[in-house]
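Q: Input file: model_19.csv. Contents: CSV, C-alpha atoms.
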```csv
chain,number,residue,atom,x,y,z
I,1,MET,CA,-19.0,-26.4,19.7
I,2,LYS,CA,-20.5,-23.2,18.5
I,3,ILE,CA,-18.3,-20.2,19.2
I,4,LYS,CA,-20.0,-16.9,20.0
I,5,SER,CA,-19.9,-14.6,17.0
I,6,SER,CA,-19.5,-11.4,18.8
I,7,PHE,CA,-16.7,-9.1,17.8
I,8,LYS,CA,-13.6,-10.3,19.5
I,9,PRO,CA,-10.5,-9.3,17.5
I,10,ILE,CA,-8.2,-10.7,20.2
I,11,VAL,CA,-9.4,-14.2,19.4
I,12,LEU,CA,-8.2,-13.8,15.9
I,13,VAL,CA,-5.0,-12.0,16.9
I,14,LEU,CA,-4.0,-14.8,19.2
I,15,ALA,CA,-4.9,-17.3,16.5
I,16,PHE,CA,-2.9,-15.4,14.0
I,17,ALA,CA,0.1,-15.2,16.4
I,18,LEU,CA,-0.1,-19.0,16.9
I,19,CYS,CA,-0.3,-19.5,13.2
I,20,LEU,CA,2.6,-17.3,12.4
I,21,HIS,CA,5.3,-18.2,15.0
I,22,ILE,CA,5.2,-14.9,16.6
I,23,ALA,CA,8.9,-15.0,17.4
I,24,ALA,CA,9.7,-14.1,13.8
I,25,PRO,CA,8.6,-10.7,12.7
I,26,PHE,CA,5.0,-11.4,12.0
I,27,GLY,CA,5.9,-14.9,10.9
I,28,PHE,CA,4.9,-14.1,7.4
I,29,GLY,CA,7.5,-15.4,5.0
I,30,ALA,CA,9.9,-16.3,7.8
I,31,GLU,CA,11.0,-19.8,8.6
I,32,THR,CA,8.9,-22.1,6.4
I,33,ARG,CA,5.7,-20.1,6.4
I,34,THR,CA,4.6,-18.2,3.4
I,35,CYS,CA,1.8,-15.7,3.3
I,36,GLU,CA,-0.5,-18.4,1.8
I,37,GLN,CA,0.3,-20.9,4.5
I,38,ALA,CA,-0.3,-18.3,7.2
I,39,LEU,CA,-3.5,-17.2,5.6
I,40,ASP,CA,-4.6,-20.8,5.3
I,41,ARG,CA,-4.3,-21.3,9.0
I,42,CYS,CA,-6.0,-18.0,9.8
I,43,LEU,CA,-8.9,-18.8,7.6
I,44,LEU,CA,-9.2,-22.2,9.3
I,45,VAL,CA,-9.6,-20.4,12.6
I,46,ALA,CA,-12.0,-17.9,11.0
I,47,SER,CA,-14.2,-20.6,9.6
I,48,PHE,CA,-15.3,-21.3,13.2
I,49,MET,CA,-16.6,-17.8,13.6
I,50,ALA,CA,-19.8,-16.7,12.0
I,51,ASN,CA,-18.6,-13.2,11.4
I,52,PRO,CA,-17.3,-11.7,8.2
I,53,PHE,CA,-14.8,-9.5,10.1
I,54,TYR,CA,-12.7,-12.5,10.9
I,55,TYR,CA,-12.3,-13.3,7.3
I,56,ALA,CA,-11.5,-9.6,6.6
I,57,PHE,CA,-8.8,-9.6,9.2
I,58,CYS,CA,-7.2,-12.7,7.7
I,59,LEU,CA,-7.3,-11.1,4.2
I,60,GLU,CA,-5.8,-7.9,5.6
I,61,GLY,CA,-3.0,-9.9,7.1
I,62,TYR,CA,-2.4,-11.7,3.9
I,63,VAL,CA,-2.3,-8.5,1.7
I,64,PHE,CA,-0.1,-6.8,4.2
I,65,CYS,CA,2.2,-9.8,4.1
I,66,LYS,CA,2.3,-9.7,0.4
I,67,LYS,CA,3.0,-6.0,0.4
I,68,TYR,CA,5.5,-5.8,3.2
I,69,ILE,CA,7.5,-9.0,3.1
I,70,GLN,CA,7.3,-10.8,-0.1
I,71,ILE,CA,9.0,-8.6,-2.7
I,72,TYR,CA,8.0,-10.6,-5.7
C,1,MET,CA,-4.1,-39.1,-49.7
C,2,MET,CA,-3.6,-35.4,-49.2
C,3,PRO,CA,-0.4,-34.1,-50.7
C,4,SER,CA,2.2,-33.0,-48.1
C,5,LYS,CA,2.3,-29.4,-49.5
C,6,ALA,CA,-1.4,-29.0,-48.8
C,7,ILE,CA,-0.9,-30.3,-45.2
C,8,THR,CA,1.9,-27.8,-44.7
C,9,PHE,CA,-0.2,-25.0,-46.1
C,10,LEU,CA,-3.1,-26.0,-43.9
C,11,CYS,CA,-0.9,-26.0,-40.8
C,12,PHE,CA,0.5,-22.7,-41.7
C,13,GLY,CA,-3.0,-21.3,-42.2
C,14,PHE,CA,-4.1,-22.5,-38.7
C,15,TRP,CA,-1.0,-21.1,-37.2
C,16,ALA,CA,-1.4,-17.7,-38.9
C,17,VAL,CA,-5.1,-17.5,-37.8
C,18,LEU,CA,-4.7,-18.8,-34.2
C,19,ALA,CA,-1.3,-17.5,-33.2
C,20,PRO,CA,-2.5,-13.9,-32.6
C,21,LEU,CA,-5.3,-15.1,-30.5
C,22,VAL,CA,-3.1,-17.1,-28.1
C,23,ARG,CA,-1.7,-14.8,-25.4
C,24,PRO,CA,1.7,-15.7,-24.1
C,25,ALA,CA,1.9,-16.9,-20.5
C,26,ALA,CA,2.2,-14.1,-18.0
C,27,SER,CA,5.7,-13.4,-17.1
C,28,ALA,CA,7.5,-10.7,-15.1
C,29,THR,CA,8.4,-8.8,-18.2
C,30,PRO,CA,9.0,-5.2,-17.7
C,31,LEU,CA,7.1,-3.0,-19.9
C,32,LYS,CA,7.0,0.5,-21.3
C,33,GLN,CA,10.5,1.5,-20.3
C,34,SER,CA,11.0,4.2,-22.9
C,35,ALA,CA,10.9,6.9,-20.3
C,36,ALA,CA,14.0,8.6,-19.1
C,37,LYS,CA,15.9,7.3,-16.1
C,38,ALA,CA,15.8,9.5,-13.1
C,39,GLY,CA,18.3,9.0,-10.2
C,40,VAL,CA,18.1,9.3,-6.5
C,41,GLU,CA,20.6,10.6,-4.1
C,42,GLU,CA,20.4,9.6,-0.5
C,43,VAL,CA,20.4,12.6,1.7
C,44,TRP,CA,19.4,11.1,5.1
C,45,SER,CA,18.6,7.9,6.8
C,46,LEU,CA,17.1,6.8,10.1
C,47,GLY,CA,17.5,3.5,11.9
C,48,SER,CA,20.0,0.8,11.1
C,49,LEU,CA,20.9,-2.8,12.0
C,50,GLU,CA,23.0,-1.4,14.9
C,51,ASP,CA,20.4,0.6,16.7
C,52,ASN,CA,16.8,0.0,17.9
C,53,LYS,CA,15.2,3.2,16.7
C,54,LEU,CA,12.9,1.3,14.3
C,55,LEU,CA,12.0,-2.3,14.4
C,56,MET,CA,9.5,-2.6,11.6
C,57,TRP,CA,8.1,0.7,10.4
C,58,VAL,CA,5.1,0.7,8.3
C,59,GLY,CA,3.6,4.2,7.9
C,60,LEU,CA,5.3,7.6,7.8
C,61,ALA,CA,4.3,11.2,7.4
C,62,VAL,CA,6.3,14.4,7.7
C,63,ASP,CA,5.0,17.5,9.5
C,64,ASP,CA,5.3,21.1,8.4
C,65,ASP,CA,8.2,21.6,10.8
C,66,GLY,CA,10.1,18.6,9.4
C,67,SER,CA,9.2,16.2,12.2
C,68,LEU,CA,8.9,12.6,11.1
C,69,TYR,CA,5.9,10.6,12.4
C,70,VAL,CA,6.4,6.9,12.1
C,71,SER,CA,4.2,3.9,12.9
C,72,ASP,CA,6.4,1.0,14.1
C,73,ALA,CA,4.3,-2.3,13.9
C,74,LEU,CA,6.8,-4.5,15.7
C,75,ASP,CA,7.4,-2.0,18.5
C,76,TYR,CA,3.6,-1.3,18.8
C,77,SER,CA,4.3,2.4,18.8
C,78,LEU,CA,4.0,5.7,17.1
C,79,LYS,CA,7.3,7.7,17.1
C,80,VAL,CA,8.3,11.2,16.3
C,81,PHE,CA,11.8,12.1,15.2
C,82,ASP,CA,13.3,15.5,14.5
C,83,LEU,CA,15.3,16.4,11.4
C,84,LYS,CA,18.5,15.1,13.0
C,85,GLY,CA,16.9,11.7,13.6
C,86,ARG,CA,16.5,12.2,17.4
C,87,LEU,CA,13.5,10.5,19.0
C,88,LEU,CA,11.4,13.3,20.3
C,89,ARG,CA,8.3,11.3,21.5
C,90,THR,CA,7.0,7.9,21.5
C,91,GLY,CA,3.6,6.4,22.2
C,92,ARG,CA,4.1,2.7,22.9
C,93,ARG,CA,0.9,0.9,23.6
C,94,ALA,CA,0.9,-2.8,23.0
C,95,GLY,CA,-2.3,-4.5,23.9
C,96,THR,CA,-6.0,-4.8,23.2
C,97,GLY,CA,-7.3,-1.9,25.1
C,98,SER,CA,-9.1,1.0,23.4
C,99,GLU,CA,-6.0,3.1,23.2
C,100,GLU,CA,-3.6,0.3,22.5
C,101,PHE,CA,-2.0,-1.2,19.3
C,102,GLN,CA,-2.1,-4.7,18.0
C,103,ALA,CA,-1.0,-4.3,14.4
C,104,LEU,CA,-0.2,-0.7,13.5
C,105,ARG,CA,-0.3,0.2,9.8
C,106,GLU,CA,-0.5,3.5,8.0
C,107,LEU,CA,-0.7,7.0,9.5
C,108,ALA,CA,-1.7,10.4,8.3
C,109,LEU,CA,-1.3,13.9,9.7
C,110,SER,CA,-3.4,17.0,9.9
C,111,ARG,CA,-2.4,20.3,11.4
C,112,GLU,CA,-3.3,19.2,14.9
C,113,LEU,CA,-3.9,15.5,14.8
C,114,VAL,CA,-2.3,12.1,14.0
C,115,PHE,CA,-4.5,9.4,12.5
C,116,ALA,CA,-3.4,5.8,12.7
C,117,ILE,CA,-4.8,2.5,11.5
C,118,ASP,CA,-4.6,-0.7,13.4
C,119,GLN,CA,-5.3,-3.7,11.2
C,120,TYR,CA,-7.3,-5.5,13.8
C,121,ARG,CA,-9.5,-2.6,14.8
C,122,PRO,CA,-12.6,-1.4,13.0
C,123,ASN,CA,-11.7,2.2,13.6
C,124,ILE,CA,-9.1,4.9,13.1
C,125,LEU,CA,-7.2,6.0,16.2
C,126,VAL,CA,-6.7,9.7,16.7
C,127,PHE,CA,-3.9,11.3,18.7
C,128,ASN,CA,-2.7,14.8,19.2
C,129,LYS,CA,0.8,15.8,18.1
C,130,GLN,CA,2.1,14.9,21.6
C,131,LEU,CA,0.9,11.4,20.8
C,132,GLN,CA,-1.8,11.5,23.5
C,133,TYR,CA,-4.8,9.5,22.6
C,134,GLN,CA,-7.9,11.6,21.8
C,135,TYR,CA,-10.6,9.4,20.3
C,136,ALA,CA,-11.4,6.7,17.8
C,137,ILE,CA,-13.3,7.1,14.6
C,138,SER,CA,-15.5,4.1,13.7
C,139,GLN,CA,-14.9,2.6,10.3
C,140,PRO,CA,-15.9,-1.1,10.1
C,141,ARG,CA,-14.4,-1.7,6.7
C,142,PRO,CA,-10.7,-2.4,6.4
C,143,ILE,CA,-8.7,0.6,5.2
C,144,SER,CA,-6.0,0.0,2.6
C,145,CYS,CA,-4.8,3.6,2.4
C,146,LEU,CA,-5.1,6.6,4.6
C,147,ARG,CA,-4.5,10.3,3.6
C,148,THR,CA,-5.4,13.8,4.8
C,149,LEU,CA,-6.2,16.8,2.7
C,150,PRO,CA,-4.6,20.2,3.4
C,151,ASP,CA,-7.8,21.3,5.1
C,152,GLY,CA,-7.7,18.4,7.5
C,153,THR,CA,-10.2,16.2,5.8
C,154,LEU,CA,-9.6,12.6,6.2
C,155,ALA,CA,-9.5,10.3,3.2
C,156,ALA,CA,-9.5,6.5,3.4
C,157,ALA,CA,-9.7,3.8,0.8
C,158,CYS,CA,-12.1,1.3,2.3
C,159,VAL,CA,-12.1,-2.3,1.2
C,160,PRO,CA,-15.3,-4.2,0.9
C,161,ILE,CA,-15.7,-7.2,3.2
C,162,LYS,CA,-18.6,-8.8,1.5
C,163,LYS,CA,-19.1,-9.9,-2.1
C,164,GLY,CA,-21.1,-7.4,-4.1
C,165,GLU,CA,-19.9,-4.3,-2.1
C,166,ARG,CA,-17.8,-1.8,-3.9
C,167,PRO,CA,-14.7,-0.1,-2.5
C,168,VAL,CA,-15.0,3.6,-1.7
C,169,ILE,CA,-12.8,6.5,-1.0
C,170,TRP,CA,-14.3,7.8,2.2
C,171,LEU,CA,-14.0,11.5,3.0
C,172,ALA,CA,-14.7,12.5,6.5
C,173,ASP,CA,-14.0,15.4,8.9
C,174,SER,CA,-11.6,15.0,11.8
C,175,ARG,CA,-14.4,13.6,14.0
C,176,GLY,CA,-15.3,10.9,11.4
C,177,ARG,CA,-18.4,12.5,10.1
C,178,THR,CA,-18.9,11.4,6.5
C,179,LEU,CA,-18.5,14.1,4.0
C,180,GLN,CA,-18.6,12.0,0.8
C,181,GLU,CA,-18.1,8.5,-0.4
C,182,ILE,CA,-16.5,8.1,-3.9
C,183,ARG,CA,-17.2,4.7,-5.3
C,184,TYR,CA,-14.8,3.1,-7.7
C,185,GLY,CA,-14.1,-0.2,-9.3
C,186,ALA,CA,-16.6,-3.0,-9.6
C,187,ASP,CA,-15.0,-6.4,-9.3
C,188,ALA,CA,-17.7,-8.7,-8.3
C,189,ALA,CA,-15.6,-11.8,-8.6
C,190,HIS,CA,-12.8,-10.7,-6.3
C,191,PRO,CA,-13.7,-8.4,-3.5
C,192,ALA,CA,-10.0,-7.7,-3.0
C,193,GLY,CA,-9.4,-7.1,-6.7
C,194,ASP,CA,-10.2,-3.4,-6.6
C,195,ARG,CA,-8.0,-2.7,-3.6
C,196,ALA,CA,-6.0,0.4,-4.3
C,197,SER,CA,-3.6,3.0,-2.9
C,198,PHE,CA,-4.4,6.6,-3.8
C,199,VAL,CA,-3.2,10.2,-3.6
C,200,LEU,CA,-5.1,13.4,-3.8
C,201,SER,CA,-3.8,15.4,-6.8
C,202,GLY,CA,-5.3,18.8,-7.1
C,203,PRO,CA,-9.1,18.4,-7.1
C,204,ASP,CA,-8.8,14.8,-8.2
C,205,LEU,CA,-7.9,11.4,-6.9
C,206,VAL,CA,-5.3,9.1,-8.5
C,207,LEU,CA,-5.6,5.4,-7.7
C,208,ALA,CA,-2.9,2.8,-8.2
C,209,TYR,CA,-4.7,-0.6,-8.1
C,210,ASN,CA,-2.9,-3.1,-6.0
C,211,PHE,CA,-3.9,-6.2,-7.9
C,212,LYS,CA,-4.9,-4.8,-11.3
C,213,ASN,CA,-2.7,-3.3,-14.0
C,214,LYS,CA,-4.4,0.0,-13.7
C,215,VAL,CA,-3.6,3.5,-12.6
C,216,GLU,CA,-6.6,5.8,-12.8
C,217,ARG,CA,-7.4,9.4,-12.3
C,218,LEU,CA,-10.9,10.2,-10.9
C,219,ASP,CA,-12.7,13.4,-10.2
C,220,ARG,CA,-14.5,13.8,-6.9
C,221,THR,CA,-17.7,12.3,-8.4
C,222,GLY,CA,-15.9,9.1,-9.3
C,223,ARG,CA,-15.8,9.8,-13.0
C,224,VAL,CA,-12.7,8.4,-14.7
C,225,ILE,CA,-10.6,11.1,-16.3
C,226,TRP,CA,-7.9,8.7,-17.5
C,227,SER,CA,-6.9,5.1,-17.0
C,228,LYS,CA,-3.4,3.7,-17.8
C,229,ARG,CA,-1.7,0.4,-17.8
C,230,LEU,CA,2.0,0.8,-17.1
C,231,PHE,CA,2.8,-2.8,-17.8
C,232,ASN,CA,2.3,-5.2,-20.7
C,233,PHE,CA,1.1,-7.6,-18.1
C,234,PRO,CA,-2.3,-8.9,-17.1
C,235,ASP,CA,-4.0,-8.3,-13.7
C,236,ALA,CA,-2.8,-10.3,-10.8
C,237,ARG,CA,-3.7,-14.0,-10.8
C,238,PHE,CA,-6.1,-15.1,-8.2
C,239,LYS,CA,-6.1,-18.4,-6.5
C,240,SER,CA,-8.6,-20.1,-4.1
C,241,VAL,CA,-7.5,-20.5,-0.5
C,242,MET,CA,-10.3,-22.3,1.5
C,243,GLY,CA,-12.9,-21.0,-1.0
C,244,THR,CA,-11.6,-17.4,-0.9
C,245,GLN,CA,-10.2,-15.9,-4.0
C,246,LEU,CA,-6.9,-14.2,-3.3
C,247,PRO,CA,-4.5,-12.3,-5.5
C,248,THR,CA,-1.0,-13.8,-5.7
C,249,GLN,CA,1.0,-10.7,-6.2
C,250,TYR,CA,0.9,-6.9,-6.0
C,251,ILE,CA,0.9,-5.1,-9.3
C,252,TYR,CA,1.3,-1.6,-7.8
C,253,LYS,CA,2.3,-1.2,-4.2
C,254,ASP,CA,1.9,2.5,-3.6
C,255,ILE,CA,1.6,5.9,-5.1
C,256,ALA,CA,2.8,9.4,-4.1
C,257,VAL,CA,2.6,12.8,-5.6
C,258,ASP,CA,5.0,15.7,-5.6
C,259,ARG,CA,4.4,19.5,-5.6
C,260,THR,CA,4.3,19.7,-9.4
C,261,GLY,CA,1.7,17.0,-9.6
C,262,ARG,CA,4.0,14.3,-10.8
C,263,LEU,CA,2.8,10.8,-9.7
C,264,TYR,CA,5.2,8.2,-8.4
C,265,VAL,CA,3.9,4.7,-8.7
C,266,LEU,CA,5.8,1.8,-7.0
C,267,GLY,CA,5.9,-1.3,-9.1
C,268,GLY,CA,5.2,-4.7,-7.5
C,269,GLY,CA,5.7,-8.2,-9.0
C,270,PRO,CA,5.7,-7.4,-12.7
C,271,ALA,CA,8.4,-4.7,-12.4
C,272,GLU,CA,11.9,-5.4,-13.6
C,273,HIS,CA,13.0,-4.7,-10.0
C,274,PRO,CA,10.1,-5.6,-7.9
C,275,SER,CA,9.3,-3.2,-5.0
C,276,ARG,CA,12.1,-1.0,-6.2
C,277,ASP,CA,11.0,0.4,-9.6
C,278,VAL,CA,9.1,3.7,-9.4
C,279,TYR,CA,7.3,5.0,-12.5
C,280,VAL,CA,7.0,8.7,-12.6
C,281,LEU,CA,3.9,10.0,-14.5
C,282,SER,CA,2.8,13.4,-15.5
C,283,PRO,CA,-0.5,14.7,-14.1
C,284,GLY,CA,-2.0,13.6,-17.4
C,285,GLY,CA,-0.7,10.0,-17.0
C,286,GLU,CA,2.2,10.1,-19.4
C,287,MET,CA,5.3,8.3,-18.3
C,288,VAL,CA,8.0,10.9,-17.5
C,289,ALA,CA,10.7,8.9,-16.0
C,290,THR,CA,11.6,5.7,-14.1
C,291,ILE,CA,13.5,5.4,-10.9
C,292,VAL,CA,15.2,2.3,-9.4
C,293,LEU,CA,15.4,2.5,-5.6
C,294,PRO,CA,18.4,0.9,-4.0
C,295,ASP,CA,16.3,-1.1,-1.6
C,296,SER,CA,12.9,-2.9,-1.8
C,297,THR,CA,10.1,-1.0,-0.2
C,298,HIS,CA,6.4,-1.3,0.5
C,299,PHE,CA,5.8,2.4,0.7
C,300,LEU,CA,6.5,5.8,-0.9
C,301,TYR,CA,6.1,9.2,0.7
C,302,ILE,CA,7.0,12.6,-0.7
C,303,ASP,CA,7.2,15.5,1.6
C,304,ALA,CA,6.5,19.2,1.1
C,305,GLN,CA,10.0,19.7,-0.3
C,306,ASP,CA,9.7,16.8,-2.8
C,307,PHE,CA,12.0,14.5,-0.9
C,308,LEU,CA,11.2,10.9,-1.4
C,309,TYR,CA,11.1,8.5,1.5
C,310,SER,CA,11.2,4.7,1.3
C,311,ARG,CA,12.2,1.6,3.2
C,312,ALA,CA,15.5,-0.2,3.7
C,313,ASN,CA,16.8,-3.1,5.7
C,314,ASP,CA,13.3,-4.8,5.8
C,315,GLY,CA,11.8,-2.0,7.9
C,316,LEU,CA,14.7,-1.1,10.2
C,317,THR,CA,15.6,1.9,8.1
C,318,ILE,CA,13.9,4.9,6.6
C,319,LYS,CA,15.8,6.5,3.7
C,320,LYS,CA,15.2,10.0,2.4
C,321,PHE,CA,16.2,10.7,-1.2
C,322,LYS,CA,16.5,13.7,-3.5
C,323,VAL,CA,15.1,12.8,-6.9
C,324,LEU,CA,17.4,13.8,-9.8
C,325,PHE,CA,15.5,14.2,-13.0
C,326,PRO,CA,17.5,14.4,-16.2
C,327,ALA,CA,17.5,17.9,-17.7
C,328,GLU,CA,15.1,18.3,-20.5
C,329,PRO,CA,16.4,20.1,-23.6
C,330,GLY,CA,15.4,23.7,-23.6
C,331,ARG,CA,13.9,23.6,-20.2
C,332,LYS,CA,15.1,25.3,-17.1
C,333,PRO,CA,16.1,22.6,-14.5
C,334,LEU,CA,13.9,22.4,-11.5
C,335,LYS,CA,15.1,24.1,-8.4
C,336,ARG,CA,16.9,21.7,-6.1
C,337,PRO,CA,15.1,21.2,-2.8
C,338,ARG,CA,17.0,22.0,0.3
C,339,PRO,CA,17.5,19.2,2.8
```
If you convert what's in this file into structure tokens, what do you get?
A:
Amino acid sequence: MKIKSSFKPIVLVLAFALCLHIAAPFGFGAETRTCEQALDRCLLVASFMANPFYYAFCLEGYVFCKKYIQIY
Amino acid sequence: MMPSKAITFLCFGFWAVLAPLVRPAASATPLKQSAAKAGVEEVWSLGSLEDNKLLMWVGLAVDDDGSLYVSDALDYSLKVFDLKGRLLRTGRRAGTGSEEFQALRELALSRELVFAIDQYRPNILVFNKQLQYQYAISQPRPISCLRTLPDGTLAAACVPIKKGERPVIWLADSRGRTLQEIRYGADAAHPAGDRASFVLSGPDLVLAYNFKNKVERLDRTGRVIWSKRLFNFPDARFKSVMGTQLPTQYIYKDIAVDRTGRLYVLGGGPAEHPSRDVYVLSPGGEMVATIVLPDSTHFLYIDAQDFLYSRANDGLTIKKFKVLFPAEPGRKPLKRPRP
């Protein structure tokens, strides 16, 4: 099914939340998820969208995760 | 049959020629640490495990009157605290509406306005000092770092979203009208590779690259004045995730500048104490001192009195420090800032 490629950040936000177990603070690095695993899921969702912004959002989430949570 | 001495000699010859060419594997070795050690003295803190003042603060800026403006990502709010840590105002707006927050990040202040970034929005949200929403400035590129100049000019490091684009420092007026774009870096292989934090230092910009071992001073035309590597460490490694090349660790996490022009660079993965080591550079880029913060942080901020702010308790606490530089022989010690 082709998903409309209009700019709908909420779609990605929801996808991100699902990917990240929103109960934990942003999910990144918490429980068993690492930044890489979270990003992997985000990109999987983004791959359905024909819009570079979705990728950009995933990457922003990843670099924020790396900066904020993972201290190494 | 070749005599054993000749074989030994040949092996030694190969080793002597090839050994200098083989680089040792990257390791988290700390580097040029010959600079003096500076200390920090905690003078104030805000938020703790026992209260709910802050849940996960990300950005911070201090106003001329000492008020502390904070973006709290997990509380979806902007907050203003006074010098005693009392919450003066809050603007909590969770949601997807035009005035609401989804993933608050950095903020910056001008004389009248508060500028805030939401990761999932292609714009900068603008509020007055009462935290009332005013308008949004369109900026479709993700912003990795947001600052304001003393005259109110907005400065943002914009990350490219397509291969082939170059990152820019975008200068705009308070309505978002472009004044100048300063291009820097040129990493065609990794669009995220030139991502940087920056400060405005006098007439110049100083960039601390997030995924490269490079701190660079540029003039307003983008010309490199100096470029330094603080670590004996290569750039961040990249790995492919679903075909996208991604850096695996931060080299430098943030940069701040004090009144004398000294630059404070927060070390990432390669630092001896990751996310805690701060390298203090002179305006010319020479290492002046190193500081080890007591807690890991993602962020550095220096206010108008040269107090240093950083994170503790994983974002529940803001700590304010006085930086104590060792006295230099024959030099009058710097005046101590008042809390």
Q: Give as a list in words the set of residues within 6 Å of the point (12.1, 11.7, 1.4), where distances use the file's coordinates and only C-alpha atoms.
A: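 Within 6 Å of (12.1, 11.7, 1.4), the protein and nucleic acid residues are Ile302, Phe307, Leu308, Tyr309, Lys320 and Phe321 of chain C.
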Q: Using C-alpha atoms, can you export the residues from the last selection as a compact mmCIF listing (two decimals), in the coordinates of the input?
A:
```txt
# COMPACT_ATOMS: atom_id res chain seq x y z
CA ILE C 302 7.00 12.60 -0.70
CA PHE C 307 12.00 14.50 -0.90
CA LEU C 308 11.20 10.90 -1.40
CA TYR C 309 11.10 8.50 1.50
CA LYS C 320 15.20 10.00 2.40
CA PHE C 321 16.20 10.70 -1.20
```
Q: Tell me which protein, DNA and RNA residues are within 7 Å of Leu54 (chain C), counting all atoms listed in the file, leaving out same-chain ones fewer than 2 positions away, and put them as a list in words.
A: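 Once the nearby chain positions are removed, what remains is Gly47, Asn52, Met56, Trp57, Asp72, Leu316 and Thr317 of chain C.
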Q: Give me, as a tab-separated table, the closest atom pair and its distance (Å, one decimal) for every residue of chain C within a cut-off of 8 Å of chain I, counting all atoms listed in the file, rows sorted by chain and rising number.
A:
```
residue	atom	partner	partner_atom	distance
C:Leu74	CA	I:Pro25	CA	7.1
C:Thr96	CA	I:Ile10	CA	7.0
C:Gln102	CA	I:Val13	CA	7.9
C:Gln119	CA	I:Glu60	CA	7.0
C:Tyr120	CA	I:Pro9	CA	6.2
C:Arg121	CA	I:Pro9	CA	7.3
C:Pro142	CA	I:Ala56	CA	7.2
C:Ile161	CA	I:Ala56	CA	5.9
C:Lys162	CA	I:Pro52	CA	7.4
C:Val241	CA	I:Asp40	CA	6.5
C:Met242	CA	I:Asp40	CA	7.0
C:Gln249	CA	I:Lys66	CA	6.8
C:Tyr250	CA	I:Lys67	CA	6.8
C:Lys253	CA	I:Lys67	CA	6.7
C:Gly268	CA	I:Tyr72	CA	6.8
C:Gly269	CA	I:Tyr72	CA	4.7
C:Pro274	CA	I:Tyr72	CA	5.9
C:Ser275	CA	I:Ile71	CA	5.9
C:Ser296	CA	I:Ile71	CA	7.0
C:Thr297	CA	I:Tyr68	CA	7.5
C:His298	CA	I:Tyr68	CA	5.3
C:Asp314	CA	I:Ile69	CA	7.7
```
Q: Hey, can you pull every residue with an atom no more than 8 Å from (-4.7, -3.3, -6.9), using only C-alpha atoms, and send it as a ChimeraX atom specification?
A: /C:192-197,208-214,250-253
Q: Which residues, written as number ranges by chain, have at least one atom at most 10 Å from Ala38 (chain C), with only C-alpha atoms counted and residues fewer than 3 positions away on the same chain left out?
A: C: 35, 278-280, 288-292, 323-327
Q: At what distance in Å, to one decimal, does CA of Gly91 (chain C) lie from CA of Gly152 (chain C)?
A: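 These two atoms are separated by 22.1 Å.
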Q: Calculate how many Å separate CA of Leu88 (chain C) from CA of Gly59 (chain C), rounding to one decimal.
A: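 The value is 17.2 Å.
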Q: To one decimal place, how far is CA of Ser201 (chain C) from CA of Pro283 (chain C) in Å?
A: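 Calculated distance between CA of Ser201 (chain C) and CA of Pro283 (chain C) is 8.0 Å.
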Q: Determine the nearest neighbour of Arg147 (chain C) from the options C:Leu230, C:Ala172, C:Leu107, C:Val70, counting all atoms listed in the file.
A: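 Ranking C:Leu230, C:Ala172, C:Leu107, C:Val70 by distance to Arg147 (chain C), first place goes to C:Leu107.
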